[in-house]
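Notes follow once the structure below has been shown.
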Amino acid sequence: DAKTTQPTSMDCAEGRAANLPCNHSTISGNEYVYWYRQIHSQGPQYIIHGLKNNETNEMASLIITEDRKSSTLILPHATLRDTAVYYCIVRPNYGGSQGNLIFGKGTKLSVKP
Amino acid sequence: NAGVTQTPKFRVLKTGQSMTLLCAQDMNHEYMYWYRQDPGMGLRLIHYSVGEGTTAKGEVPDGYNVSRLKKQNFLLGLESAAPSQTSVYFCASNVIGSGVRNQPQHFGDGTRLSIL
């Protein structure tokens, strides 16, 4: 079972920031928070990941609470092409079976004109 | 730079037929994975490989076999296809973590398989 809880769906106006929440109250000390998205009919695309510090890259920002029990993915200026299912995943920081991704159902983000 | 390439992109099989799905990556990644995705669901891990010549079972391995004879290729086989195996299959790969931060998985665009 996925170790994260996300809202089923969200809407966002084009050009506005999209804030996608994720609860991971049972996260372990060695587990990172990863975000992927899946645009219709395509393979999942990596967005960002972090451990405890906030992270930012060219796609998004990741805000992790101090107790690490929840996080928020921020798309600063959402476009129609950001419409996708967004997956929040926690996983240990190493490969092998322990490092496999466990996908839940994610959040369906709809960006509207 | 092709990344992760899956062939074929689409296939329709009859129950009982066999086939092999091919995943190829050109990033020299050690780890490779096969997932399946059913409508309205997240991805579920079928099998994975931590290096050439090694394979291991994932969450839903029954009815599938895999082989990793070359580092760049990971094959998924269906010996006797069943309607329950109708799904979209995704392959992924990544490098082994350096002990500091694991690298994210890179995914192919999927193979859509229908079993009649």
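In the structure tokens, each chain is lettered A, B, ... as it comes, each chain's residues begin at 1, and ligands are numbered from 1 in order of appearance.
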Near region 48-57 of chain B, counting only C-alpha atoms, which residues have an atom at most 9 Å away, once you skip same-chain residues fewer than 2 positions from it, shown as a PDB file with N, CA, C and O atoms, in the first residue's frame?
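Result saved to result35.pdb:
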```pdb
ATOM      1  N   GLY A  95      18.881   1.829  -3.702  1.00  0.00           N
ATOM      2  CA  GLY A  95      18.213   1.081  -4.764  1.00  0.00           C
ATOM      3  C   GLY A  95      17.806  -0.303  -4.325  1.00  0.00           C
ATOM      4  O   GLY A  95      17.752  -0.601  -3.139  1.00  0.00           O
ATOM      5  N   GLY A  96      17.494  -1.176  -5.274  1.00  0.00           N
ATOM      6  CA  GLY A  96      17.046  -2.515  -4.947  1.00  0.00           C
ATOM      7  C   GLY A  96      15.584  -2.544  -4.565  1.00  0.00           C
ATOM      8  O   GLY A  96      14.865  -1.579  -4.725  1.00  0.00           O
ATOM      9  N   SER A  97      15.139  -3.660  -4.025  1.00  0.00           N
ATOM     10  CA  SER A  97      13.724  -3.802  -3.718  1.00  0.00           C
ATOM     11  C   SER A  97      13.264  -2.762  -2.711  1.00  0.00           C
ATOM     12  O   SER A  97      12.129  -2.312  -2.740  1.00  0.00           O
ATOM     13  N   ASN A 100      12.094   0.566  -4.434  1.00  0.00           N
ATOM     14  CA  ASN A 100      11.113   0.639  -5.507  1.00  0.00           C
ATOM     15  C   ASN A 100      10.027   1.652  -5.200  1.00  0.00           C
ATOM     16  O   ASN A 100       9.685   1.890  -4.053  1.00  0.00           O
TER      17      ASN A 100
ATOM     18  N   HIS B  29      22.239   2.627 -17.028  1.00  0.00           N
ATOM     19  CA  HIS B  29      21.657   2.458 -15.699  1.00  0.00           C
ATOM     20  C   HIS B  29      21.768   1.020 -15.224  1.00  0.00           C
ATOM     21  O   HIS B  29      21.594   0.072 -15.996  1.00  0.00           O
ATOM     22  N   GLU B  30      22.040   0.872 -13.932  1.00  0.00           N
ATOM     23  CA  GLU B  30      22.127  -0.471 -13.344  1.00  0.00           C
ATOM     24  C   GLU B  30      20.736  -1.085 -13.112  1.00  0.00           C
ATOM     25  O   GLU B  30      20.518  -2.247 -13.344  1.00  0.00           O
ATOM     26  N   TYR B  31      19.843  -0.277 -12.597  1.00  0.00           N
ATOM     27  CA  TYR B  31      18.543  -0.777 -12.183  1.00  0.00           C
ATOM     28  C   TYR B  31      17.518  -0.619 -13.297  1.00  0.00           C
ATOM     29  O   TYR B  31      17.446   0.419 -13.945  1.00  0.00           O
ATOM     30  N   MET B  32      16.718  -1.675 -13.482  1.00  0.00           N
ATOM     31  CA  MET B  32      15.605  -1.587 -14.425  1.00  0.00           C
ATOM     32  C   MET B  32      14.369  -2.231 -13.819  1.00  0.00           C
ATOM     33  O   MET B  32      14.476  -3.145 -12.983  1.00  0.00           O
ATOM     34  N   TYR B  33      13.197  -1.754 -14.229  1.00  0.00           N
ATOM     35  CA  TYR B  33      11.938  -2.144 -13.593  1.00  0.00           C
ATOM     36  C   TYR B  33      10.853  -2.347 -14.661  1.00  0.00           C
ATOM     37  O   TYR B  33      10.834  -1.649 -15.666  1.00  0.00           O
ATOM     38  N   TRP B  34       9.933  -3.257 -14.364  1.00  0.00           N
ATOM     39  CA  TRP B  34       8.709  -3.376 -15.151  1.00  0.00           C
ATOM     40  C   TRP B  34       7.515  -3.156 -14.235  1.00  0.00           C
ATOM     41  O   TRP B  34       7.398  -3.795 -13.187  1.00  0.00           O
ATOM     42  N   TYR B  35       6.620  -2.235 -14.653  1.00  0.00           N
ATOM     43  CA  TYR B  35       5.397  -1.944 -13.934  1.00  0.00           C
ATOM     44  C   TYR B  35       4.216  -2.217 -14.856  1.00  0.00           C
ATOM     45  O   TYR B  35       4.329  -2.170 -16.075  1.00  0.00           O
ATOM     46  N   LEU B  45       4.591  -2.734  -9.376  1.00  0.00           N
ATOM     47  CA  LEU B  45       5.842  -3.330  -9.809  1.00  0.00           C
ATOM     48  C   LEU B  45       5.675  -4.821 -10.077  1.00  0.00           C
ATOM     49  O   LEU B  45       5.191  -5.573  -9.230  1.00  0.00           O
ATOM     50  N   ILE B  46       6.126  -5.254 -11.255  1.00  0.00           N
ATOM     51  CA  ILE B  46       6.023  -6.665 -11.637  1.00  0.00           C
ATOM     52  C   ILE B  46       7.327  -7.396 -11.278  1.00  0.00           C
ATOM     53  O   ILE B  46       7.343  -8.341 -10.507  1.00  0.00           O
ATOM     54  N   GLU B  59       5.768  -6.691  -6.796  1.00  0.00           N
ATOM     55  CA  GLU B  59       4.493  -6.835  -6.113  1.00  0.00           C
ATOM     56  C   GLU B  59       3.552  -7.822  -6.803  1.00  0.00           C
ATOM     57  O   GLU B  59       2.827  -8.568  -6.158  1.00  0.00           O
ATOM     58  N   VAL B  60       3.547  -7.831  -8.153  1.00  0.00           N
ATOM     59  CA  VAL B  60       2.603  -8.658  -8.910  1.00  0.00           C
ATOM     60  C   VAL B  60       3.334  -9.465  -9.985  1.00  0.00           C
ATOM     61  O   VAL B  60       3.124  -9.278 -11.185  1.00  0.00           O
ATOM     62  N   PRO B  61       4.163 -10.442  -9.615  1.00  0.00           N
ATOM     63  CA  PRO B  61       4.997 -11.146 -10.583  1.00  0.00           C
ATOM     64  C   PRO B  61       4.335 -12.316 -11.307  1.00  0.00           C
ATOM     65  O   PRO B  61       4.843 -12.777 -12.335  1.00  0.00           O
ATOM     66  N   ASP B  62       3.201 -12.809 -10.781  1.00  0.00           N
ATOM     67  CA  ASP B  62       2.619 -14.042 -11.322  1.00  0.00           C
ATOM     68  C   ASP B  62       2.186 -13.872 -12.770  1.00  0.00           C
ATOM     69  O   ASP B  62       1.514 -12.909 -13.130  1.00  0.00           O
ATOM     70  N   VAL B  66      11.030 -12.543 -16.666  1.00  0.00           N
ATOM     71  CA  VAL B  66      11.897 -11.464 -17.135  1.00  0.00           C
ATOM     72  C   VAL B  66      13.301 -11.997 -17.344  1.00  0.00           C
ATOM     73  O   VAL B  66      13.691 -13.031 -16.792  1.00  0.00           O
ATOM     74  N   SER B  67      14.056 -11.263 -18.142  1.00  0.00           N
ATOM     75  CA  SER B  67      15.467 -11.593 -18.330  1.00  0.00           C
ATOM     76  C   SER B  67      16.263 -10.327 -18.563  1.00  0.00           C
ATOM     77  O   SER B  67      15.768  -9.367 -19.182  1.00  0.00           O
ATOM     78  N   ARG B  68      17.506 -10.327 -18.054  1.00  0.00           N
ATOM     79  CA  ARG B  68      18.402  -9.167 -18.193  1.00  0.00           C
ATOM     80  C   ARG B  68      19.756  -9.702 -18.647  1.00  0.00           C
ATOM     81  O   ARG B  68      20.715  -9.754 -17.890  1.00  0.00           O
ATOM     82  N   LEU B  69      19.812 -10.127 -19.909  1.00  0.00           N
ATOM     83  CA  LEU B  69      21.030 -10.706 -20.462  1.00  0.00           C
ATOM     84  C   LEU B  69      22.063  -9.630 -20.782  1.00  0.00           C
ATOM     85  O   LEU B  69      23.269  -9.878 -20.739  1.00  0.00           O
ATOM     86  N   LYS B  70      21.597  -8.436 -21.123  1.00  0.00           N
ATOM     87  CA  LYS B  70      22.472  -7.305 -21.380  1.00  0.00           C
ATOM     88  C   LYS B  70      22.074  -6.158 -20.476  1.00  0.00           C
ATOM     89  O   LYS B  70      20.891  -5.983 -20.165  1.00  0.00           O
ATOM     90  N   LYS B  71      23.028  -5.383 -20.079  1.00  0.00           N
ATOM     91  CA  LYS B  71      22.766  -4.305 -19.146  1.00  0.00           C
ATOM     92  C   LYS B  71      21.719  -3.332 -19.674  1.00  0.00           C
ATOM     93  O   LYS B  71      20.896  -2.823 -18.912  1.00  0.00           O
ATOM     94  N   GLN B  72      21.730  -3.090 -20.970  1.00  0.00           N
ATOM     95  CA  GLN B  72      20.843  -2.076 -21.513  1.00  0.00           C
ATOM     96  C   GLN B  72      19.431  -2.574 -21.800  1.00  0.00           C
ATOM     97  O   GLN B  72      18.550  -1.774 -22.102  1.00  0.00           O
ATOM     98  N   ASN B  73      19.208  -3.896 -21.734  1.00  0.00           N
ATOM     99  CA  ASN B  73      17.904  -4.439 -22.100  1.00  0.00           C
ATOM    100  C   ASN B  73      17.265  -5.200 -20.952  1.00  0.00           C
ATOM    101  O   ASN B  73      17.931  -5.944 -20.223  1.00  0.00           O
ATOM    102  N   PHE B  74      15.956  -5.055 -20.832  1.00  0.00           N
ATOM    103  CA  PHE B  74      15.185  -5.786 -19.814  1.00  0.00           C
ATOM    104  C   PHE B  74      13.931  -6.287 -20.511  1.00  0.00           C
ATOM    105  O   PHE B  74      13.124  -5.493 -20.991  1.00  0.00           O
ATOM    106  N   ILE B  96      22.324   3.337  -9.509  1.00  0.00           N
ATOM    107  CA  ILE B  96      22.430   2.998  -8.097  1.00  0.00           C
ATOM    108  C   ILE B  96      22.796   4.268  -7.340  1.00  0.00           C
ATOM    109  O   ILE B  96      23.634   5.039  -7.762  1.00  0.00           O
TER     110      ILE B  96
END
```
TODO: Go through chain A and collect every residue that DSSP, computed from the backbone, puts in helix (DSSP H, G or I); the answer should be as number ranges by chain.
DONE: A: 80-82, 97-99
Go ahead and write the selection's residues with N, CA and C atoms as a tab-separated table (two decimals), in the first residue's frame.
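Written output follows (part22.tsv):
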```tsv
chain	number	residue	atom	x	y	z
A	80	LEU	N	-1.60	24.93	-19.09
A	80	LEU	CA	-2.51	23.85	-19.48
A	80	LEU	C	-1.76	22.52	-19.62
A	81	ARG	N	-0.47	22.61	-19.98
A	81	ARG	CA	0.32	21.40	-20.14
A	81	ARG	C	0.68	20.73	-18.82
A	82	ASP	N	0.39	21.41	-17.71
A	82	ASP	CA	0.63	20.80	-16.40
A	82	ASP	C	-0.53	19.93	-15.95
A	97	SER	N	15.14	-3.66	-4.02
A	97	SER	CA	13.72	-3.80	-3.72
A	97	SER	C	13.26	-2.76	-2.71
A	98	GLN	N	14.16	-2.40	-1.81
A	98	GLN	CA	13.74	-1.44	-0.81
A	98	GLN	C	13.51	-0.06	-1.40
A	99	GLY	N	14.05	0.14	-2.58
A	99	GLY	CA	13.95	1.47	-3.17
A	99	GLY	C	12.91	1.59	-4.25
```
Task: Close residues, Glu79 (chain B) itself excluded, 9 Å, only C-alpha atoms, min 3 positions apart in chain, as a ChimeraX atom specification - done: /B:16-20,63-65
Go ahead and dump the residues you just picked, all heavy atoms, as a CSV table (one decimal), in the first residue's frame.
```
chain,number,residue,atom,x,y,z
B,16,GLY,N,-3.8,-17.2,-24.3
B,16,GLY,CA,-2.9,-18.3,-24.5
B,16,GLY,C,-1.7,-18.1,-25.3
B,16,GLY,O,-0.8,-18.9,-25.3
B,17,GLN,N,-1.7,-17.0,-26.0
B,17,GLN,CA,-0.6,-16.6,-26.8
B,17,GLN,C,0.6,-16.1,-25.9
B,17,GLN,O,0.3,-15.7,-24.8
B,17,GLN,CB,-0.9,-15.6,-27.9
B,17,GLN,CG,-1.7,-16.1,-29.0
B,17,GLN,CD,-2.0,-15.1,-30.1
B,17,GLN,OE1,-2.3,-13.9,-29.8
B,17,GLN,NE2,-1.8,-15.5,-31.4
B,18,SER,N,1.8,-16.2,-26.5
B,18,SER,CA,2.9,-15.7,-25.7
B,18,SER,C,3.5,-14.5,-26.5
B,18,SER,O,3.3,-14.3,-27.7
B,18,SER,CB,4.0,-16.7,-25.6
B,18,SER,OG,4.5,-17.1,-26.9
B,19,MET,N,4.2,-13.6,-25.7
B,19,MET,CA,4.9,-12.5,-26.3
B,19,MET,C,5.9,-12.0,-25.4
B,19,MET,O,5.9,-12.2,-24.2
B,19,MET,CB,4.0,-11.4,-26.8
B,19,MET,CG,3.5,-10.5,-25.7
B,19,MET,SD,2.9,-8.9,-26.4
B,19,MET,CE,4.3,-8.2,-27.1
B,20,THR,N,6.8,-11.2,-25.9
B,20,THR,CA,7.9,-10.6,-25.1
B,20,THR,C,7.9,-9.1,-25.4
B,20,THR,O,7.9,-8.6,-26.5
B,20,THR,CB,9.3,-11.1,-25.5
B,20,THR,OG1,9.3,-12.5,-25.3
B,20,THR,CG2,10.4,-10.4,-24.7
B,63,GLY,N,2.6,-14.9,-13.6
B,63,GLY,CA,2.2,-14.9,-15.0
B,63,GLY,C,3.2,-14.2,-15.9
B,63,GLY,O,3.0,-14.1,-17.1
B,64,TYR,N,4.3,-13.7,-15.3
B,64,TYR,CA,5.3,-13.0,-16.1
B,64,TYR,C,6.7,-13.6,-15.8
B,64,TYR,O,7.0,-14.0,-14.7
B,64,TYR,CB,5.4,-11.5,-15.7
B,64,TYR,CG,4.1,-10.8,-15.8
B,64,TYR,CD1,3.2,-10.6,-14.7
B,64,TYR,CD2,3.7,-10.2,-17.0
B,64,TYR,CE1,2.0,-9.9,-14.8
B,64,TYR,CE2,2.5,-9.5,-17.1
B,64,TYR,CZ,1.7,-9.4,-16.0
B,64,TYR,OH,0.5,-8.7,-16.1
B,65,ASN,N,7.6,-13.5,-16.8
B,65,ASN,CA,9.0,-13.8,-16.5
B,65,ASN,C,9.8,-12.7,-17.2
B,65,ASN,O,9.3,-11.9,-18.1
B,65,ASN,CB,9.3,-15.2,-17.2
B,65,ASN,CG,9.0,-15.2,-18.6
B,65,ASN,OD1,9.7,-14.7,-19.5
B,65,ASN,ND2,7.9,-15.9,-19.0
```
TODO: List the neighbours of Gly42 (chain B) out to 12 Å using only C-alpha atoms; skip same-chain residues closer than 5 positions along the sequence, and give me the result as a list in words.
DONE: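 Near Gly42 (chain B), the qualifying residues are Asp1, Ala2, Tyr36, Arg37, Gln38, Gly43, Pro44, Val85, Tyr86, Tyr87, Cys88, Ile89, Leu101, Ile102, Phe103, Gly104, Lys105, Gly106, Thr107 and Lys108 of chain A; Tyr35, Arg36, Gln37, Ser87, Val88, Tyr89 and Phe90 of chain B.
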Open item on the list: To one decimal place in Å, what is the distance between CA of Lys3 (chain A) and CA of Cys23 (chain B)?
Closed with: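 One can read the CA of Lys3 (chain A) to CA of Cys23 (chain B) distance as 28.3 Å.
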Env of Ser114 (chain B): 7 Å cut, atoms = only C-alpha atoms, seq-sep filter 3 positions within chain, self excluded. Answer as a short mmCIF file (atom, residue, chain, number, x, y, z; two decimals) with N, CA and C atoms, in the first residue's frame.
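Output contents, as saved in part_11.cif:
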```cif
data_model
loop_
_atom_site.label_atom_id
_atom_site.label_comp_id
_atom_site.auth_asym_id
_atom_site.auth_seq_id
_atom_site.Cartn_x
_atom_site.Cartn_y
_atom_site.Cartn_z
N ARG B 11 -0.15 -3.79 -28.75
CA ARG B 11 -0.25 -5.18 -29.19
C ARG B 11 -1.58 -5.76 -28.72
N VAL B 12 -2.20 -6.55 -29.58
CA VAL B 12 -3.41 -7.30 -29.22
C VAL B 12 -3.07 -8.78 -29.33
N LEU B 13 -3.36 -9.50 -28.29
CA LEU B 13 -3.09 -10.94 -28.25
C LEU B 13 -4.38 -11.71 -27.99
N THR B 86 -4.39 -7.72 -19.50
CA THR B 86 -4.65 -6.51 -20.28
C THR B 86 -4.30 -5.30 -19.43
N SER B 87 -3.39 -4.48 -19.92
CA SER B 87 -2.89 -3.38 -19.10
C SER B 87 -1.95 -2.52 -19.94
#
```
TODO: Could you find all residues in chain A that DSSP calls strand (DSSP E) from the backbone, and write them as an NGL selection string?
DONE: :A and (9-13 or 18-23 or 31-38 or 45-50 or 55-56 or 61-64 or 70-75 or 84-92 or 107-112)
